[in-house]
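So this block is protein_36.tsv, TSV, C-alpha atoms and all ligand atoms:
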```tsv
chain	number	residue	atom	x	y	z
S	1	MET	CA	0.00	0.00	0.00
S	2	ALA	CA	1.27	3.50	-0.91
S	3	LYS	CA	2.45	5.55	2.07
S	4	ARG	CA	0.28	8.56	2.92
S	5	ALA	CA	1.95	11.88	2.47
S	6	SER	CA	2.82	13.30	5.86
S	7	GLY	CA	1.92	16.87	4.79
S	8	ARG	CA	5.44	18.00	5.59
S	9	ARG	CA	7.38	19.84	2.93
S	10	PRO	CA	10.52	18.18	1.67
S	11	PRO	CA	13.62	19.95	2.95
S	12	GLU	CA	14.78	22.93	0.87
S	13	PRO	CA	17.81	22.19	-1.29
S	14	PRO	CA	20.86	23.86	0.22
S	15	GLY	CA	21.36	27.42	-1.04
S	16	PRO	CA	24.73	28.82	-2.05
S	17	PRO	CA	27.22	28.90	0.82
S	18	ALA	CA	27.23	32.11	2.83
S	19	PRO	CA	30.10	34.38	1.76
S	20	ALA	CA	33.08	34.33	4.09
S	21	ILE	CA	33.16	37.30	6.42
S	22	GLY	CA	36.44	39.17	6.83
S	23	PRO	CA	37.88	41.07	9.78
S	24	PRO	CA	35.59	43.54	11.59
S	25	VAL	CA	35.81	47.22	10.70
S	26	PRO	CA	37.96	48.29	13.69
S	27	ALA	CA	40.72	46.03	12.33
S	28	LEU	CA	40.56	47.91	9.01
S	29	LEU	CA	40.62	51.45	10.32
S	30	PRO	CA	43.80	53.33	9.46
S	31	ASP	CA	46.01	54.27	12.43
S	32	ARG	CA	45.58	57.92	11.57
S	33	LEU	CA	41.99	58.59	10.62
S	34	SER	CA	41.56	60.58	7.42
S	35	LEU	CA	38.74	60.45	4.90
S	36	PRO	CA	40.95	59.29	1.97
S	37	ALA	CA	42.61	56.56	4.08
S	38	MET	CA	39.25	55.41	5.45
S	39	ARG	CA	37.72	55.37	1.97
S	40	GLU	CA	40.58	53.25	0.69
S	41	ALA	CA	40.32	50.80	3.60
S	42	ALA	CA	36.53	50.59	3.32
S	43	ALA	CA	36.85	49.58	-0.34
S	44	GLY	CA	38.08	46.18	0.85
S	45	CYS	CA	35.57	45.82	3.71
S	46	ARG	CA	34.11	42.34	4.18
S	47	ALA	CA	32.88	42.83	7.70
S	48	CYS	CA	29.38	41.61	6.80
S	49	ASP	CA	28.10	39.53	3.94
S	50	LEU	CA	26.71	42.49	1.97
S	51	TYR	CA	30.09	42.96	0.29
S	52	ALA	CA	29.34	39.86	-1.77
S	53	ARG	CA	26.06	41.31	-3.08
S	54	GLY	CA	27.06	44.89	-3.74
S	55	THR	CA	29.22	46.07	-6.62
S	56	GLN	CA	31.43	48.16	-4.36
S	57	THR	CA	31.64	49.99	-1.07
S	58	VAL	CA	30.01	53.40	-1.38
S	59	PHE	CA	31.77	55.63	1.12
S	60	GLY	CA	30.63	59.06	2.29
S	61	GLU	CA	31.51	62.17	0.31
S	62	GLY	CA	31.81	65.86	0.96
S	63	PRO	CA	34.19	68.38	2.46
S	64	ARG	CA	36.30	67.28	5.40
S	65	ARG	CA	35.22	70.42	7.28
S	66	ALA	CA	31.56	70.16	6.31
S	67	GLU	CA	29.32	71.93	8.77
S	68	VAL	CA	26.46	69.54	8.08
S	69	MET	CA	26.54	65.76	7.79
S	70	MET	CA	23.50	63.97	6.40
S	71	VAL	CA	23.20	60.26	7.01
S	72	GLY	CA	21.02	58.05	4.83
S	73	GLU	CA	20.30	54.36	4.97
S	74	GLN	CA	22.44	52.62	2.36
S	75	PRO	CA	23.43	53.19	-1.28
S	76	GLY	CA	20.73	52.43	-3.82
S	77	ASP	CA	20.96	50.64	-7.13
S	78	VAL	CA	22.38	53.68	-8.98
S	79	GLU	CA	24.86	54.53	-6.21
S	80	ASP	CA	26.05	50.92	-6.06
S	81	ILE	CA	27.02	51.06	-9.72
S	82	ALA	CA	28.34	54.63	-9.74
S	83	GLY	CA	30.24	54.28	-6.46
S	84	HIS	CA	28.95	57.64	-5.21
S	85	VAL	CA	26.39	58.54	-2.54
S	86	PHE	CA	22.99	60.02	-3.37
S	87	VAL	CA	23.38	60.24	-7.14
S	88	GLY	CA	20.18	58.31	-8.01
S	89	PRO	CA	16.53	59.46	-7.91
S	90	ALA	CA	16.49	59.97	-4.11
S	91	GLY	CA	19.73	61.92	-4.35
S	92	ARG	CA	18.34	64.21	-7.04
S	93	LEU	CA	15.29	64.88	-4.91
S	94	LEU	CA	17.55	65.58	-1.92
S	95	ASP	CA	19.54	68.05	-4.05
S	96	ARG	CA	16.34	69.88	-5.00
S	97	ALA	CA	15.13	69.94	-1.40
S	98	MET	CA	18.48	71.26	-0.15
S	99	GLU	CA	18.45	73.94	-2.79
S	100	ASP	CA	14.89	74.98	-1.89
S	101	ALA	CA	15.84	75.05	1.78
S	102	GLY	CA	18.99	77.07	1.11
S	103	ILE	CA	21.60	74.48	2.03
S	104	PRO	CA	24.47	74.35	-0.46
S	105	ARG	CA	25.38	70.73	-1.21
S	106	THR	CA	29.00	71.82	-1.23
S	107	GLN	CA	28.71	72.40	2.53
S	108	VAL	CA	27.33	68.96	3.25
S	109	TYR	CA	29.04	65.64	3.87
S	110	LEU	CA	26.70	62.88	2.71
S	111	THR	CA	26.97	59.32	3.90
S	112	ASN	CA	25.00	56.24	4.90
S	113	VAL	CA	24.60	53.98	7.89
S	114	VAL	CA	25.44	50.96	5.72
S	115	LYS	CA	27.94	51.24	2.90
S	116	HIS	CA	26.94	48.37	0.66
S	117	PHE	CA	23.71	48.04	-1.31
S	118	LYS	CA	21.45	45.32	0.07
S	119	TRP	CA	19.08	43.98	-2.52
S	120	GLU	CA	17.17	40.96	-3.72
S	121	PRO	CA	16.41	40.02	-7.32
S	122	ARG	CA	12.94	40.52	-8.73
S	123	GLY	CA	12.96	39.51	-12.36
S	124	LYS	CA	15.76	41.52	-13.86
S	125	ARG	CA	15.57	44.23	-11.20
S	126	ARG	CA	17.51	44.61	-7.99
S	127	ILE	CA	15.06	45.55	-5.28
S	128	HIS	CA	16.23	47.44	-2.19
S	129	LYS	CA	16.14	45.45	1.06
S	130	LYS	CA	16.29	47.11	4.43
S	131	PRO	CA	19.58	46.45	6.21
S	132	GLY	CA	19.38	44.35	9.36
S	133	SER	CA	20.79	45.13	12.79
S	134	THR	CA	23.82	42.88	12.25
S	135	GLU	CA	24.80	44.72	9.07
S	136	ILE	CA	24.17	48.11	10.67
S	137	ALA	CA	26.29	47.18	13.69
S	138	ALA	CA	29.09	45.75	11.55
S	139	CYS	CA	29.27	48.93	9.45
S	140	ARG	CA	28.87	51.40	12.31
S	141	PRO	CA	32.57	52.03	13.00
S	142	TRP	CA	32.91	53.56	9.51
S	143	LEU	CA	30.19	56.08	10.30
S	144	ASP	CA	31.58	56.79	13.76
S	145	SER	CA	34.96	57.45	12.16
S	146	GLU	CA	33.45	59.77	9.56
S	147	ILE	CA	31.74	61.71	12.37
S	148	ALA	CA	35.03	61.80	14.33
S	149	VAL	CA	36.94	63.24	11.35
S	150	VAL	CA	34.37	65.66	9.94
S	151	LYS	CA	33.01	66.74	13.35
S	152	PRO	CA	29.85	68.15	11.80
S	153	ARG	CA	28.16	70.84	13.82
S	154	VAL	CA	24.78	69.71	12.52
S	155	LEU	CA	23.93	66.08	11.91
S	156	VAL	CA	20.80	65.11	9.97
S	157	CYS	CA	19.37	61.59	9.96
S	158	LEU	CA	17.47	60.85	6.77
S	159	GLY	CA	14.76	58.29	7.46
S	160	ALA	CA	13.96	55.82	10.20
S	161	VAL	CA	16.88	53.45	9.62
S	162	ALA	CA	19.44	56.22	10.11
S	163	ALA	CA	17.46	57.85	12.93
S	164	GLN	CA	17.02	54.62	14.88
S	165	ALA	CA	20.62	53.56	14.32
S	166	LEU	CA	21.89	56.90	15.65
S	167	LEU	CA	19.22	57.98	18.12
S	168	GLY	CA	17.90	54.69	19.45
S	169	ARG	CA	15.42	52.04	18.39
S	170	ALA	CA	12.51	53.85	20.03
S	171	PHE	CA	13.01	57.03	18.00
S	172	LYS	CA	10.00	57.84	15.82
S	173	VAL	CA	10.68	60.10	12.85
S	174	SER	CA	6.95	60.74	12.42
S	175	GLU	CA	6.76	62.22	15.94
S	176	SER	CA	10.08	64.03	16.22
S	177	ARG	CA	11.00	65.10	12.71
S	178	GLY	CA	12.24	68.58	11.99
S	179	ARG	CA	13.40	69.53	15.46
S	180	PHE	CA	16.71	69.28	17.22
S	181	VAL	CA	17.04	66.47	19.71
S	182	ASP	CA	19.65	65.84	22.40
S	183	SER	CA	22.49	63.66	21.23
S	184	PRO	CA	26.20	63.51	21.93
S	185	LEU	CA	26.88	63.02	18.20
S	186	ALA	CA	26.95	66.73	17.28
S	187	ASP	CA	25.94	70.16	18.58
S	188	ARG	CA	22.67	69.91	16.70
S	189	VAL	CA	21.03	66.65	15.65
S	190	LEU	CA	17.78	66.41	13.72
S	191	ALA	CA	15.91	63.67	11.92
S	192	THR	CA	13.64	63.92	8.94
S	193	VAL	CA	12.21	61.53	6.41
S	194	HIS	CA	14.26	59.75	3.77
S	195	PRO	CA	13.99	61.46	0.37
S	196	SER	CA	12.84	58.19	-1.21
S	197	SER	CA	9.68	58.37	0.95
S	198	VAL	CA	8.82	61.63	-0.83
S	199	LEU	CA	9.25	59.87	-4.16
S	200	ARG	CA	6.98	57.06	-2.98
S	201	ALA	CA	4.18	59.31	-1.64
S	202	GLY	CA	0.87	58.31	-3.29
S	203	ASP	CA	-0.30	60.85	-5.87
S	204	GLU	CA	1.03	64.15	-7.08
S	205	ASP	CA	-0.67	66.22	-4.34
S	206	GLN	CA	0.71	63.94	-1.65
S	207	ARG	CA	4.17	64.11	-3.20
S	208	ARG	CA	4.00	67.93	-3.26
S	209	ASP	CA	2.96	67.97	0.43
S	210	ALA	CA	5.65	65.47	1.38
S	211	MET	CA	8.27	67.56	-0.43
S	212	ALA	CA	7.08	70.76	1.26
S	213	ARG	CA	7.36	69.11	4.70
S	214	PHE	CA	10.80	67.73	3.85
S	215	VAL	CA	12.00	71.17	2.72
S	216	ALA	CA	10.52	72.71	5.89
S	217	ASP	CA	12.57	70.27	8.00
S	218	LEU	CA	15.72	71.15	6.05
S	219	ARG	CA	15.00	74.86	6.51
S	220	VAL	CA	15.47	74.30	10.25
S	221	VAL	CA	18.99	73.13	9.39
S	222	ALA	CA	19.57	76.04	6.99
S	223	ALA	CA	18.49	78.51	9.69
S	224	GLU	CA	20.89	76.92	12.16
S	225	ILE	CA	23.80	77.20	9.73
S	226	ALA	CA	22.94	80.83	9.07
S	227	ARG	CA	22.54	81.52	12.80
S	228	ALA	CA	25.92	80.23	13.84
S	229	PRO	CA	28.26	79.25	11.06
S	230	ARG	CA	31.07	77.02	12.32
S	231	ALA	CA	33.84	79.60	11.86
S	232	ARG	CA	32.02	82.04	14.16
S	233	ALA	CA	30.73	79.37	16.50
S	234	GLY	CA	34.36	78.26	17.02
S	235	SER	CA	33.23	74.72	17.66
S	236	ARG	CA	36.56	73.21	16.53
S	301	LIG	N1	19.45	56.21	-0.40
S	301	LIG	C1	20.31	56.33	0.64
S	301	LIG	O1	19.93	56.19	1.80
S	301	LIG	N2	21.57	56.61	0.37
S	301	LIG	C2	22.04	56.79	-0.86
S	301	LIG	O2	23.24	57.03	-1.01
S	301	LIG	C3	21.13	56.67	-1.91
S	301	LIG	C4	19.84	56.38	-1.67
```
Rewrite the structure of this file - the entire thing - as structure tokens.
Amino acid sequence: MAKRASGRRPPEPPGPPAPAIGPPVPALLPDRLSLPAMREAAAGCRACDLYARGTQTVFGEGPRRAEVMMVGEQPGDVEDIAGHVFVGPAGRLLDRAMEDAGIPRTQVYLTNVVKHFKWEPRGKRRIHKKPGSTEIAACRPWLDSEIAVVKPRVLVCLGAVAAQALLGRAFKVSESRGRFVDSPLADRVLATVHPSSVLRAGDEDQRRDAMARFVADLRVVAAEIARAPRARAGSR
């Protein structure tokens, strides 16, 4: 007599082996921290398995003495290929918003919490996947080192991933966006939405509203720069 099926699924065939992880970031940091030396060291980073999925490390960019540092989530598809931060659709929207708010991009150091693109395939497309806490923790020393070198007077978290990584898991961007919060990371720390959320807002009216709110948050930053530029504030 034929055996009844037990209803259990057969075991999944084994997937590809997990990529080998290399030394943690602190072992890669140059003895003397500088942005060029850190960028070079980060290019070979294998501290989490995202290196095997991304095309390259996308390190932060901007002036070493930037008054403002903006921290996003992770490079997107375009950034992963170009090797530069915020050069895709979200980056273009951020440029427009900064311009409307009166923040010159040349005064801003732009970076991300995670420096490799995390994605999964969907057909021929590479779809963004949110980084997990292990990847965020593994990558964190790069960001801490960027903050230590640039010493931004104003630090802006773009979106919940950056805000929660830097301000705590309980931080809610929807409740606290657009105002300065206490943090030891910089004189002034503020969170706002990620520019990609503006791109994703439902219809055209909603996108216009979302953009106006985003620009209003960035105007708080612009006003702070105008109020006490670093040279006069003497914060270095
Ligand atoms: N989104 C980010 O968070 N960072 C980038 O560099 C690009 C898109």
Would you mind listing, for every residue of chain S within 12 Å of ligand LIG 301 (chain S), the two atoms forming the shortest contact and the distance between them in Å to one decimal, using all atoms listed in the file, sorted by chain and ascending residue number, as a Markdown table?
```
| residue | atom | partner | partner_atom | distance |
| --- | --- | --- | --- | --- |
| S:Thr57 | CA | S:LIG301 | O2 | 11.0 |
| S:Val58 | CA | S:LIG301 | O2 | 7.7 |
| S:Phe59 | CA | S:LIG301 | O2 | 8.9 |
| S:Gly60 | CA | S:LIG301 | O2 | 8.3 |
| S:Glu61 | CA | S:LIG301 | O2 | 9.8 |
| S:Met70 | CA | S:LIG301 | N2 | 9.7 |
| S:Val71 | CA | S:LIG301 | O1 | 7.4 |
| S:Gly72 | CA | S:LIG301 | O1 | 3.7 |
| S:Glu73 | CA | S:LIG301 | O1 | 3.7 |
| S:Gln74 | CA | S:LIG301 | O1 | 4.4 |
| S:Pro75 | CA | S:LIG301 | O2 | 3.9 |
| S:Gly76 | CA | S:LIG301 | C4 | 4.6 |
| S:Asp77 | CA | S:LIG301 | C3 | 8.0 |
| S:Val78 | CA | S:LIG301 | C3 | 7.8 |
| S:Glu79 | CA | S:LIG301 | O2 | 6.0 |
| S:Asp80 | CA | S:LIG301 | O2 | 8.4 |
| S:Ile81 | CA | S:LIG301 | O2 | 11.2 |
| S:Ala82 | CA | S:LIG301 | O2 | 10.4 |
| S:Gly83 | CA | S:LIG301 | O2 | 9.3 |
| S:His84 | CA | S:LIG301 | O2 | 7.1 |
| S:Val85 | CA | S:LIG301 | O2 | 3.8 |
| S:Phe86 | CA | S:LIG301 | O2 | 3.8 |
| S:Val87 | CA | S:LIG301 | C3 | 6.7 |
| S:Gly88 | CA | S:LIG301 | C3 | 6.4 |
| S:Pro89 | CA | S:LIG301 | C4 | 7.7 |
| S:Ala90 | CA | S:LIG301 | C4 | 5.5 |
| S:Gly91 | CA | S:LIG301 | C3 | 6.0 |
| S:Arg92 | CA | S:LIG301 | C3 | 9.5 |
| S:Leu93 | CA | S:LIG301 | C4 | 10.2 |
| S:Leu94 | CA | S:LIG301 | C4 | 9.5 |
| S:Asp95 | CA | S:LIG301 | C3 | 11.7 |
| S:Tyr109 | CA | S:LIG301 | O2 | 11.5 |
| S:Leu110 | CA | S:LIG301 | O2 | 7.7 |
| S:Thr111 | CA | S:LIG301 | O2 | 6.6 |
| S:Asn112 | CA | S:LIG301 | N2 | 5.7 |
| S:Val113 | CA | S:LIG301 | O1 | 8.0 |
| S:Val114 | CA | S:LIG301 | O1 | 8.5 |
| S:Lys115 | CA | S:LIG301 | O2 | 8.4 |
| S:His116 | CA | S:LIG301 | O2 | 9.6 |
| S:Phe117 | CA | S:LIG301 | C2 | 8.9 |
| S:Lys118 | CA | S:LIG301 | N1 | 11.1 |
| S:His128 | CA | S:LIG301 | N1 | 9.5 |
| S:Lys129 | CA | S:LIG301 | N1 | 11.4 |
| S:Lys130 | CA | S:LIG301 | O1 | 10.1 |
| S:Pro131 | CA | S:LIG301 | O1 | 10.7 |
| S:Cys157 | CA | S:LIG301 | O1 | 9.8 |
| S:Leu158 | CA | S:LIG301 | O1 | 7.2 |
| S:Gly159 | CA | S:LIG301 | O1 | 7.9 |
| S:Ala160 | CA | S:LIG301 | O1 | 10.3 |
| S:Val161 | CA | S:LIG301 | O1 | 8.8 |
| S:Ala162 | CA | S:LIG301 | O1 | 8.3 |
| S:Ala163 | CA | S:LIG301 | O1 | 11.5 |
| S:Val193 | CA | S:LIG301 | O1 | 10.5 |
| S:His194 | CA | S:LIG301 | O1 | 7.0 |
| S:Pro195 | CA | S:LIG301 | N1 | 7.6 |
| S:Ser196 | CA | S:LIG301 | N1 | 6.9 |
| S:Ser197 | CA | S:LIG301 | N1 | 10.1 |
| S:Val198 | CA | S:LIG301 | N1 | 11.9 |
| S:Leu199 | CA | S:LIG301 | C4 | 11.4 |
```
Counting all atoms listed in the file, which residue out of S:Val25, S:Ala165, S:Val220, S:Val215 sits closest to Gly132 of chain S?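 Distance minimum relative to Gly132 of chain S lands on S:Ala165.
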Can you sort out the box for segment 35-46 of chain S, edges along x, y and z, all listed atoms in, 5 Å on every side, with centre and edge lengths in Å to one decimal, as lines of an AutoDock Vina configuration file?
```
center_x = 38.4
center_y = 51.4
center_z = 2.6
size_x = 18.5
size_y = 28.1
size_z = 15.8
```
Report as a list in words all protein, DNA and RNA residues lying within 10 Å of Leu35 of chain S, evaluated on all atoms listed in the file, omitting residues in the same chain fewer than 6 positions from it.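 Contacts, in chain order: Ala41, Phe59, Gly60, Glu61, Gly62, Pro63, Arg64, Ser145, Glu146, Val149 and Val150 of chain S.
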Counting all atoms listed in the file, which residues come within 9 Å of (27.3, 70.4, 0.7), with the point read in the file's coordinates, and could you list them as a ChimeraX atom specification? /S:62-63,66-69,98,103-110
Residue neighbourhood Cys48 of chain S, 8 Å, only C-alpha atoms, exclusion window fewer than 2 positions, as a VMD selection string: chain S and resid 21 to 22 46 50 to 51 134 to 135 138 to 139
When you draw a straight line from atom CA of Ala47 of chain S to atom CA of Pro17 of chain S, how long is it in Å? 16.5 Å
Atom CA of Ala148 of chain S and atom CA of Leu33 of chain S, how far apart in Å?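 Result for atom CA of Leu33 of chain S versus atom CA of Ala148 of chain S: 8.5 Å, one decimal.
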Taking only residues of segment 184-203 of chain S that have an atom at most 8 Å from an atom of segment 173-177 of chain S, what is each one's shortest atom pair and its distance in Å to one decimal, using all atoms listed in the file, in chain and number order, as a Markdown table?
```
| residue | atom | partner | partner_atom | distance |
| --- | --- | --- | --- | --- |
| S:Leu190 | CA | S:Arg177 | CA | 7.0 |
| S:Ala191 | CA | S:Arg177 | CA | 5.2 |
| S:Thr192 | CA | S:Arg177 | CA | 4.8 |
| S:Val193 | CA | S:Val173 | CA | 6.8 |
```
When you count only C-alpha atoms, which of these residues is closest to Pro121 of chain S: S:Arg53, S:Arg140, S:Arg65, S:Arg153?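 Going through S:Arg53, S:Arg140, S:Arg65, S:Arg153 one by one, the smallest distance to Pro121 of chain S is for S:Arg53.
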Closest of S:Pro184, S:Pro36, S:Pro11, S:Pro30 to Leu167 of chain S - atom-to-atom distances counting all atoms listed in the file: S:Pro184
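For the pair atom CA of Glu120 of chain S and atom CA of Gly54 of chain S, the separation is 10.6 Å.
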